[in-house]
file upload.cif (mmCIF, C-alpha atoms)
data_work
loop_
_atom_site.group_PDB
_atom_site.id
_atom_site.type_symbol
_atom_site.label_atom_id
_atom_site.label_comp_id
_atom_site.auth_asym_id
_atom_site.auth_seq_id
_atom_site.Cartn_x
_atom_site.Cartn_y
_atom_site.Cartn_z
ATOM 1 C CA MET A 23 -2.787 29.674 -14.557
ATOM 2 C CA LYS A 24 -4.072 33.238 -14.516
ATOM 3 C CA GLY A 25 -3.145 35.203 -11.436
ATOM 4 C CA LYS A 26 -0.525 32.646 -10.436
ATOM 5 C CA GLU A 27 3.173 32.931 -11.084
ATOM 6 C CA LEU A 28 4.891 29.837 -12.382
ATOM 7 C CA ASN A 29 7.701 28.385 -10.335
ATOM 8 C CA LEU A 30 10.458 28.641 -12.914
ATOM 9 C CA LYS A 31 13.398 27.274 -10.942
ATOM 10 C CA GLN A 32 13.634 24.414 -13.463
ATOM 11 C CA ILE A 33 11.905 24.955 -16.777
ATOM 12 C CA ASP A 34 10.366 22.035 -18.610
ATOM 13 C CA LEU A 35 8.948 23.170 -21.955
ATOM 14 C CA LYS A 36 7.025 19.907 -22.303
ATOM 15 C CA HIS A 37 4.828 21.185 -19.436
ATOM 16 C CA GLU A 38 2.208 23.060 -21.465
ATOM 17 C CA PRO A 39 1.313 25.777 -18.883
ATOM 18 C CA THR A 40 5.018 26.577 -18.498
ATOM 19 C CA LEU A 41 5.490 26.808 -22.266
ATOM 20 C CA ARG A 42 2.440 29.062 -22.604
ATOM 21 C CA GLU A 43 3.605 31.378 -19.816
ATOM 22 C CA LEU A 44 7.120 31.670 -21.246
ATOM 23 C CA PHE A 45 5.757 32.257 -24.736
ATOM 24 C CA ARG A 46 3.423 34.989 -23.407
ATOM 25 C CA LYS A 47 6.255 36.618 -21.460
ATOM 26 C CA PHE A 48 9.118 36.420 -23.961
ATOM 27 C CA PHE A 49 7.525 36.390 -27.423
ATOM 28 C CA PRO A 50 7.071 40.202 -27.620
ATOM 29 C CA ARG A 51 10.667 40.845 -26.527
ATOM 30 C CA ALA A 52 12.126 38.258 -28.878
ATOM 31 C CA GLN A 53 9.953 39.494 -31.764
ATOM 32 C CA SER A 54 11.101 43.064 -31.199
ATOM 33 C CA PHE A 55 14.726 41.858 -31.187
ATOM 34 C CA ALA A 56 14.242 39.894 -34.428
ATOM 35 C CA THR A 57 12.314 42.783 -36.050
ATOM 36 C CA GLN A 58 15.249 45.103 -35.533
ATOM 37 C CA LEU A 59 17.510 42.547 -37.192
ATOM 38 C CA LEU A 60 15.208 41.536 -40.060
ATOM 39 C CA ARG A 61 13.333 44.827 -40.543
ATOM 40 C CA ASP A 62 10.036 42.941 -40.983
ATOM 41 C CA LYS A 63 7.657 42.308 -38.081
ATOM 42 C CA MET A 64 5.815 39.353 -39.668
ATOM 43 C CA THR A 65 9.035 37.581 -40.615
ATOM 44 C CA ALA A 66 10.355 38.241 -37.120
ATOM 45 C CA ALA A 67 7.217 36.712 -35.588
ATOM 46 C CA ASN A 68 7.683 33.589 -37.714
ATOM 47 C CA VAL A 69 11.348 33.345 -36.763
ATOM 48 C CA VAL A 70 10.531 33.596 -33.041
ATOM 49 C CA GLN A 71 7.776 30.978 -33.339
ATOM 50 C CA GLU A 72 10.249 28.667 -35.087
ATOM 51 C CA ALA A 73 12.762 29.262 -32.290
ATOM 52 C CA PHE A 74 10.193 28.338 -29.640
ATOM 53 C CA LEU A 75 9.204 25.234 -31.609
ATOM 54 C CA TYR A 76 12.834 24.194 -31.983
ATOM 55 C CA MET A 77 13.442 24.659 -28.261
ATOM 56 C CA TRP A 78 10.328 22.667 -27.429
ATOM 57 C CA GLU A 79 11.433 19.817 -29.705
ATOM 58 C CA LYS A 80 15.174 19.732 -28.974
ATOM 59 C CA ALA A 81 16.068 21.411 -25.693
ATOM 60 C CA SER A 82 13.034 21.082 -23.532
ATOM 61 C CA VAL A 83 14.527 21.411 -20.001
ATOM 62 C CA PHE A 84 16.448 24.409 -18.643
ATOM 63 C CA PRO A 85 17.868 24.882 -15.141
ATOM 64 C CA ASP A 86 16.372 28.372 -14.733
ATOM 65 C CA GLU A 87 14.763 31.322 -16.517
ATOM 66 C CA PRO A 88 18.034 33.138 -17.387
ATOM 67 C CA SER A 89 19.307 29.986 -19.145
ATOM 68 C CA PHE A 90 16.061 29.713 -21.073
ATOM 69 C CA LYS A 91 16.174 33.387 -22.055
ATOM 70 C CA ALA A 92 19.808 33.231 -23.190
ATOM 71 C CA TYR A 93 19.121 30.169 -25.319
ATOM 72 C CA LEU A 94 15.966 31.754 -26.777
ATOM 73 C CA TYR A 95 17.881 34.837 -27.937
ATOM 74 C CA TYR A 96 20.665 32.612 -29.285
ATOM 75 C CA CYS A 97 18.095 30.632 -31.306
ATOM 76 C CA VAL A 98 16.359 33.793 -32.546
ATOM 77 C CA LYS A 99 19.674 35.293 -33.638
ATOM 78 C CA ASN A 100 20.697 32.140 -35.503
ATOM 79 C CA ARG A 101 17.290 31.701 -37.124
ATOM 80 C CA SER A 102 17.425 35.329 -38.251
ATOM 81 C CA LEU A 103 20.835 34.753 -39.823
ATOM 82 C CA ASN A 104 19.522 31.616 -41.511
ATOM 83 C CA TYR A 105 16.543 33.529 -42.854
ATOM 84 C CA ILE A 106 18.798 36.219 -44.298
ATOM 85 C CA ARG A 107 21.051 33.602 -45.871
ATOM 86 C CA ASP A 108 18.242 31.417 -47.219
ATOM 87 C CA HIS A 109 16.012 34.172 -48.556
ATOM 88 C CA ARG A 110 18.769 36.437 -49.763
ATOM 89 C CA VAL A 111 17.229 39.526 -48.277
ATOM 90 C CA GLU A 112 18.855 42.262 -50.289
ATOM 91 C CA ARG A 113 17.458 45.414 -48.760
ATOM 92 C CA HIS A 114 19.408 46.410 -45.682
ATOM 93 C CA MET A 115 21.890 43.590 -46.351
ATOM 94 C CA GLU A 116 24.972 45.752 -45.935
ATOM 95 C CA GLU A 117 23.593 47.273 -42.755
ATOM 96 C CA LEU A 118 22.743 43.831 -41.360
ATOM 97 C CA GLN A 119 26.129 42.395 -42.290
ATOM 98 C CA GLU A 120 27.833 45.244 -40.466
ATOM 99 C CA ALA A 121 25.633 44.716 -37.412
ATOM 100 C CA TRP A 122 26.340 40.990 -37.350
ATOM 101 C CA ALA A 123 30.057 41.555 -37.856
ATOM 102 C CA ASP A 124 30.061 43.673 -34.733
ATOM 103 C CA GLU A 125 29.038 41.351 -31.882
ATOM 104 C CA ASP A 126 28.940 44.383 -29.582
ATOM 105 C CA ALA A 127 26.146 45.879 -31.696
ATOM 106 C CA VAL A 128 24.091 42.707 -31.275
ATOM 107 C CA ASP A 129 24.773 42.728 -27.536
ATOM 108 C CA ARG A 130 23.736 46.385 -27.281
ATOM 109 C CA LEU A 131 20.542 45.625 -29.188
ATOM 110 C CA LEU A 132 19.753 42.757 -26.837
ATOM 111 C CA ILE A 133 20.466 44.882 -23.764
ATOM 112 C CA LYS A 134 18.267 47.646 -25.154
ATOM 113 C CA GLN A 135 15.387 45.215 -25.689
ATOM 114 C CA GLU A 136 15.674 43.815 -22.170
ATOM 115 C CA LEU A 137 15.935 47.277 -20.615
ATOM 116 C CA LYS A 138 12.913 48.444 -22.594
ATOM 117 C CA ALA A 139 10.847 45.477 -21.450
ATOM 118 C CA ARG A 140 11.908 45.925 -17.837
ATOM 119 C CA VAL A 141 11.231 49.676 -17.805
ATOM 120 C CA LEU A 142 7.790 49.206 -19.364
ATOM 121 C CA GLU A 143 6.959 46.463 -16.847
ATOM 122 C CA GLU A 144 7.791 48.806 -13.996
ATOM 123 C CA ILE A 145 5.925 51.750 -15.564
ATOM 124 C CA ASN A 146 2.832 49.569 -15.816
ATOM 125 C CA ARG A 147 3.074 48.832 -12.076
ATOM 126 C CA LEU A 148 2.881 52.528 -11.160
ATOM 127 C CA PRO A 149 -0.318 54.100 -9.821
ATOM 128 C CA ASP A 150 -2.696 55.016 -12.651
ATOM 129 C CA VAL A 151 -2.055 58.765 -12.930
ATOM 130 C CA ARG A 152 1.730 58.436 -12.820
ATOM 131 C CA LYS A 153 1.647 55.559 -15.287
ATOM 132 C CA GLU A 154 -0.576 57.532 -17.687
ATOM 133 C CA ILE A 155 1.690 60.578 -17.506
ATOM 134 C CA LEU A 156 4.809 58.570 -18.384
ATOM 135 C CA LEU A 157 3.113 56.574 -21.133
ATOM 136 C CA LEU A 158 1.645 59.716 -22.727
ATOM 137 C CA ARG A 159 5.018 61.443 -22.482
ATOM 138 C CA LEU A 160 6.730 58.450 -24.119
ATOM 139 C CA GLU A 161 4.228 58.744 -26.980
ATOM 140 C CA GLY A 162 5.587 62.231 -27.579
ATOM 141 C CA ASN A 163 2.789 64.280 -26.013
ATOM 142 C CA SER A 164 3.724 67.662 -24.584
ATOM 143 C CA TYR A 165 3.111 68.527 -20.947
ATOM 144 C CA ASP A 166 0.342 70.900 -22.047
ATOM 145 C CA ASP A 167 -1.395 68.127 -23.998
ATOM 146 C CA ILE A 168 -1.081 65.689 -21.091
ATOM 147 C CA SER A 169 -2.314 68.352 -18.673
ATOM 148 C CA ARG A 170 -5.452 68.893 -20.773
ATOM 149 C CA GLU A 171 -6.080 65.195 -21.370
ATOM 150 C CA LEU A 172 -5.754 64.223 -17.700
ATOM 151 C CA ASN A 173 -7.300 67.477 -16.431
ATOM 152 C CA LEU A 174 -4.294 68.248 -14.221
ATOM 153 C CA ASN A 175 -2.504 71.459 -13.390
ATOM 154 C CA ILE A 176 0.893 71.521 -15.142
ATOM 155 C CA ASN A 177 2.769 71.782 -11.824
ATOM 156 C CA THR A 178 0.810 68.837 -10.398
ATOM 157 C CA LEU A 179 1.634 66.879 -13.532
ATOM 158 C CA LYS A 180 5.354 67.604 -13.158
ATOM 159 C CA THR A 181 5.207 66.628 -9.475
ATOM 160 C CA TYR A 182 3.594 63.301 -10.379
ATOM 161 C CA ARG A 183 6.238 62.780 -13.054
ATOM 162 C CA LYS A 184 9.064 63.389 -10.569
ATOM 163 C CA GLN A 185 7.432 60.993 -8.108
ATOM 164 C CA ALA A 186 7.110 58.367 -10.851
ATOM 165 C CA TYR A 187 10.792 58.738 -11.805
ATOM 166 C CA ARG A 188 11.823 58.478 -8.153
ATOM 167 C CA GLU A 189 9.726 55.327 -7.691
ATOM 168 C CA LEU A 190 11.056 53.788 -10.904
ATOM 169 C CA ARG A 191 14.656 54.515 -9.905
ATOM 170 C CA GLY A 192 14.028 52.622 -6.667
ATOM 171 C CA ARG A 193 12.450 49.692 -8.476
ATOM 172 C CA LEU A 194 15.201 49.561 -11.087
ATOM 173 C CA VAL A 195 18.149 49.961 -8.726
ATOM 174 C CA ASP A 196 19.456 46.550 -9.829
ATOM 175 C CA LEU A 197 20.198 48.032 -13.252
ATOM 176 C CA GLY A 198 23.011 50.042 -11.703
ATOM 177 C CA LYS A 199 24.664 52.572 -14.000
ATOM 178 C CA TYR A 200 21.862 52.403 -16.566
ATOM 179 C CA VAL A 201 19.476 54.121 -14.139
ATOM 180 C CA LEU A 202 21.716 57.134 -13.480
ATOM 181 C CA GLY A 203 20.258 59.145 -16.356
ATOM 182 C CA PHE A 204 16.753 57.803 -15.898
ATOM 183 C CA ALA A 205 14.899 60.092 -18.297
ATOM 184 C CA GLY A 206 17.561 59.364 -20.893
ATOM 185 C CA ILE A 207 17.344 55.599 -20.428
ATOM 186 C CA ILE A 208 13.583 55.672 -20.870
ATOM 187 C CA ILE A 209 13.902 57.641 -24.100
ATOM 188 C CA TRP A 210 16.763 55.381 -25.279
ATOM 189 C CA CYS A 211 14.783 52.227 -24.488
ATOM 190 C CA ILE A 212 11.538 53.313 -26.057
#
call {"tool": "encode", "arguments": {"input": "upload.cif", "output": "structure tokens"}}
result
Amino acid sequence: MKGKELNLKQIDLKHEPTLRELFRKFFPRAQSFATQLLRDKMTAANVVQEAFLYMWEKASVFPDEPSFKAYLYYCVKNRSLNYIRDHRVERHMEELQEAWADEDAVDRLLIKQELKARVLEEINRLPDVRKEILLLRLEGNSYDDISRELNLNINTLKTYRKQAYRELRGRLVDLGKYVLGFAGIIIWCI
């Protein structure tokens, strides 16, 4: 199915290419979400795999992608809570209990993960030089370092950066208020 987008109007997880595509698309996001809750990337990966397996076994048909995504995050959240309960994870327990007690904190975490994924998707669609500038900047490189690495004049680099931000704002207009402070949202997301 490479190079072809799946028609995900109705999602049937028993259809293997659909399951593979959804796993490829959503596993990294769901793992990042679970990692922030569990503080362990390997445990988070296992929890997300279990969530996908559960969904495949029990709830295999969804009306659309947003329904699938909502149920996936619901399953990941519950499996994370079960893991904490069953394994009596002591380190960070107070911090996790506070986060779970505050549903808004979980919602903010989920929104942050989705925004991060969306912003990175759009950055990766930019022309090469603009994409490289933003990715290097997100890694913490200074403008001088980026200028040397890409062999660009500093003013040219800043012009490309402004063009990239302008293009990203246009592509992310559906995010509404989150895009107003675009440089801030990128830093907050990443």
call {"tool": "residues_around", "arguments": {"input": "upload.cif", "residues": "stretch 82-90 of chain A", "least_positions_apart": "3", "cutoff": "8 Å", "atoms": "all atoms listed in the file", "output": "list in words"}}
result
Leu30, Lys31, Gln32, Ile33, Asp34, Leu35, Lys36, Met77, Trp78, Glu79, Tyr93 and Leu94 of chain A
call {"tool": "write_last_selection", "arguments": {"input": "upload.cif", "atoms": "C-alpha atoms", "output": "PDB file, in the frame of the given file"}}
result
ATOM      1  CA  LEU A  30      10.458  28.641 -12.914  1.00  0.00           C
ATOM      2  CA  LYS A  31      13.398  27.274 -10.942  1.00  0.00           C
ATOM      3  CA  GLN A  32      13.634  24.414 -13.463  1.00  0.00           C
ATOM      4  CA  ILE A  33      11.905  24.955 -16.777  1.00  0.00           C
ATOM      5  CA  ASP A  34      10.366  22.035 -18.610  1.00  0.00           C
ATOM      6  CA  LEU A  35       8.948  23.170 -21.955  1.00  0.00           C
ATOM      7  CA  LYS A  36       7.025  19.907 -22.303  1.00  0.00           C
ATOM      8  CA  MET A  77      13.442  24.659 -28.261  1.00  0.00           C
ATOM      9  CA  TRP A  78      10.328  22.667 -27.429  1.00  0.00           C
ATOM     10  CA  GLU A  79      11.433  19.817 -29.705  1.00  0.00           C
ATOM     11  CA  TYR A  93      19.121  30.169 -25.319  1.00  0.00           C
ATOM     12  CA  LEU A  94      15.966  31.754 -26.777  1.00  0.00           C
TER      13      LEU A  94
END
call {"tool": "residues_near_point", "arguments": {"input": "upload.cif", "point": "(14.4, 34.0, -37.5)", "cutoff": "7 Å", "atoms": "only C-alpha atoms", "output": "VMD selection string"}}
result
chain A and resid 56 66 68 to 70 98 to 105
call {"tool": "residues_around", "arguments": {"input": "upload.cif", "residues": "A:Leu148", "least_positions_apart": "6", "cutoff": "9 Å", "atoms": "all atoms listed in the file", "output": "list in words"}}
result
Glu154, Ala186, Glu189 and Leu190 of chain A
call {"tool": "atom_distance", "arguments": {"input": "upload.cif", "atom1": "atom CA of A:Ile106", "atom2": "atom CA of A:Asp62"}}
result
11.5 Å
call {"tool": "atom_distance", "arguments": {"input": "upload.cif", "atom1": "atom CA of A:Arg183", "atom2": "atom CA of A:Asp167"}}
result
14.4 Å
call {"tool": "closest_residue", "arguments": {"input": "upload.cif", "among": "A:Ala139, A:Tyr187, A:Ser54, A:Phe49", "to": "A:Leu156", "atoms": "all atoms listed in the file"}}
result
A:Tyr187
call {"tool": "resolve_selection", "arguments": {"input": "upload.cif", "expression": "the PyMOL selection byres ((chain A and resi 178) around 12)", "output": "number ranges by chain"}}
result
A: 151-152, 155, 165-166, 168-169, 172-177, 179-185
call {"tool": "closest_residue", "arguments": {"input": "upload.cif", "among": "A:Asn163, A:Arg107, A:Glu144, A:Glu171", "to": "A:Leu194", "atoms": "only C-alpha atoms"}}
result
A:Glu144
call {"tool": "closest_residue", "arguments": {"input": "upload.cif", "among": "A:Leu137, A:Leu157, A:Leu132, A:Leu41", "to": "A:Ala92", "atoms": "only C-alpha atoms"}}
result
A:Leu132
call {"tool": "closest_residue", "arguments": {"input": "upload.cif", "among": "A:Asp196, A:Leu44, A:Leu131, A:Arg191", "to": "A:Leu59", "atoms": "all atoms listed in the file"}}
result
A:Leu131
call {"tool": "axis_aligned_box", "arguments": {"input": "upload.cif", "around": "stretch 171-183 of chain A", "padding_each_side": "6 Å", "output": "lines of an AutoDock Vina configuration file"}}
result
center_x = -0.5
center_y = 67.3
center_z = -15.4
size_x = 25.5
size_y = 21.0
size_z = 23.9
call {"tool": "atom_distance", "arguments": {"input": "upload.cif", "atom1": "atom CA of A:Phe45", "atom2": "atom CA of A:Gln71"}}
result
8.9 Å
call {"tool": "build_atoms", "arguments": {"input": "upload.cif", "residues": "stretch 33-54 of chain A", "atoms": "N, CA and C atoms", "output": "JSON list (two decimals), keeping the file's coordinate frame"}}
result
[["chain", "number", "residue", "atom", "x", "y", "z"],
["A", 33, "ILE", "N", 12.89, 24.74, -15.72],
["A", 33, "ILE", "CA", 11.90, 24.96, -16.78],
["A", 33, "ILE", "C", 11.83, 23.73, -17.67],
["A", 34, "ASP", "N", 10.63, 23.17, -17.73],
["A", 34, "ASP", "CA", 10.37, 22.04, -18.61],
["A", 34, "ASP", "C", 9.36, 22.50, -19.66],
["A", 35, "LEU", "N", 9.82, 22.67, -20.90],
["A", 35, "LEU", "CA", 8.95, 23.17, -21.96],
["A", 35, "LEU", "C", 7.90, 22.16, -22.38],
["A", 36, "LYS", "N", 8.05, 20.91, -21.99],
["A", 36, "LYS", "CA", 7.02, 19.91, -22.30],
["A", 36, "LYS", "C", 5.79, 20.09, -21.41],
["A", 37, "HIS", "N", 5.95, 20.86, -20.32],
["A", 37, "HIS", "CA", 4.83, 21.18, -19.44],
["A", 37, "HIS", "C", 4.08, 22.36, -20.08],
["A", 38, "GLU", "N", 2.92, 22.09, -20.63],
["A", 38, "GLU", "CA", 2.21, 23.06, -21.46],
["A", 38, "GLU", "C", 1.96, 24.41, -20.79],
["A", 39, "PRO", "N", 1.51, 24.45, -19.51],
["A", 39, "PRO", "CA", 1.31, 25.78, -18.88],
["A", 39, "PRO", "C", 2.61, 26.58, -18.78],
["A", 40, "THR", "N", 3.72, 25.89, -18.56],
["A", 40, "THR", "CA", 5.02, 26.58, -18.50],
["A", 40, "THR", "C", 5.36, 27.15, -19.86],
["A", 41, "LEU", "N", 5.20, 26.34, -20.91],
["A", 41, "LEU", "CA", 5.49, 26.81, -22.27],
["A", 41, "LEU", "C", 4.62, 28.02, -22.62],
["A", 42, "ARG", "N", 3.34, 27.94, -22.31],
["A", 42, "ARG", "CA", 2.44, 29.06, -22.60],
["A", 42, "ARG", "C", 2.86, 30.33, -21.88],
["A", 43, "GLU", "N", 3.20, 30.21, -20.61],
["A", 43, "GLU", "CA", 3.60, 31.38, -19.82],
["A", 43, "GLU", "C", 4.89, 31.99, -20.36],
["A", 44, "LEU", "N", 5.86, 31.16, -20.70],
["A", 44, "LEU", "CA", 7.12, 31.67, -21.25],
["A", 44, "LEU", "C", 6.90, 32.30, -22.62],
["A", 45, "PHE", "N", 6.07, 31.69, -23.42],
["A", 45, "PHE", "CA", 5.76, 32.26, -24.74],
["A", 45, "PHE", "C", 5.09, 33.62, -24.57],
["A", 46, "ARG", "N", 4.12, 33.72, -23.67],
["A", 46, "ARG", "CA", 3.42, 34.99, -23.41],
["A", 46, "ARG", "C", 4.41, 36.06, -22.92],
["A", 47, "LYS", "N", 5.32, 35.66, -22.06],
["A", 47, "LYS", "CA", 6.26, 36.62, -21.46],
["A", 47, "LYS", "C", 7.36, 37.06, -22.42],
["A", 48, "PHE", "N", 7.92, 36.11, -23.19],
["A", 48, "PHE", "CA", 9.12, 36.42, -23.96],
["A", 48, "PHE", "C", 8.89, 36.62, -25.45],
["A", 49, "PHE", "N", 7.75, 36.22, -25.99],
["A", 49, "PHE", "CA", 7.52, 36.39, -27.42],
["A", 49, "PHE", "C", 7.64, 37.85, -27.85],
["A", 50, "PRO", "N", 6.96, 38.80, -27.16],
["A", 50, "PRO", "CA", 7.07, 40.20, -27.62],
["A", 50, "PRO", "C", 8.50, 40.73, -27.62],
["A", 51, "ARG", "N", 9.28, 40.38, -26.61],
["A", 51, "ARG", "CA", 10.67, 40.84, -26.53],
["A", 51, "ARG", "C", 11.49, 40.24, -27.66],
["A", 52, "ALA", "N", 11.35, 38.94, -27.85],
["A", 52, "ALA", "CA", 12.13, 38.26, -28.88],
["A", 52, "ALA", "C", 11.71, 38.73, -30.27],
["A", 53, "GLN", "N", 10.42, 39.00, -30.46],
["A", 53, "GLN", "CA", 9.95, 39.49, -31.76],
["A", 53, "GLN", "C", 10.52, 40.88, -32.04],
["A", 54, "SER", "N", 10.54, 41.72, -31.03],
["A", 54, "SER", "CA", 11.10, 43.06, -31.20],
["A", 54, "SER", "C", 12.59, 42.98, -31.56]]
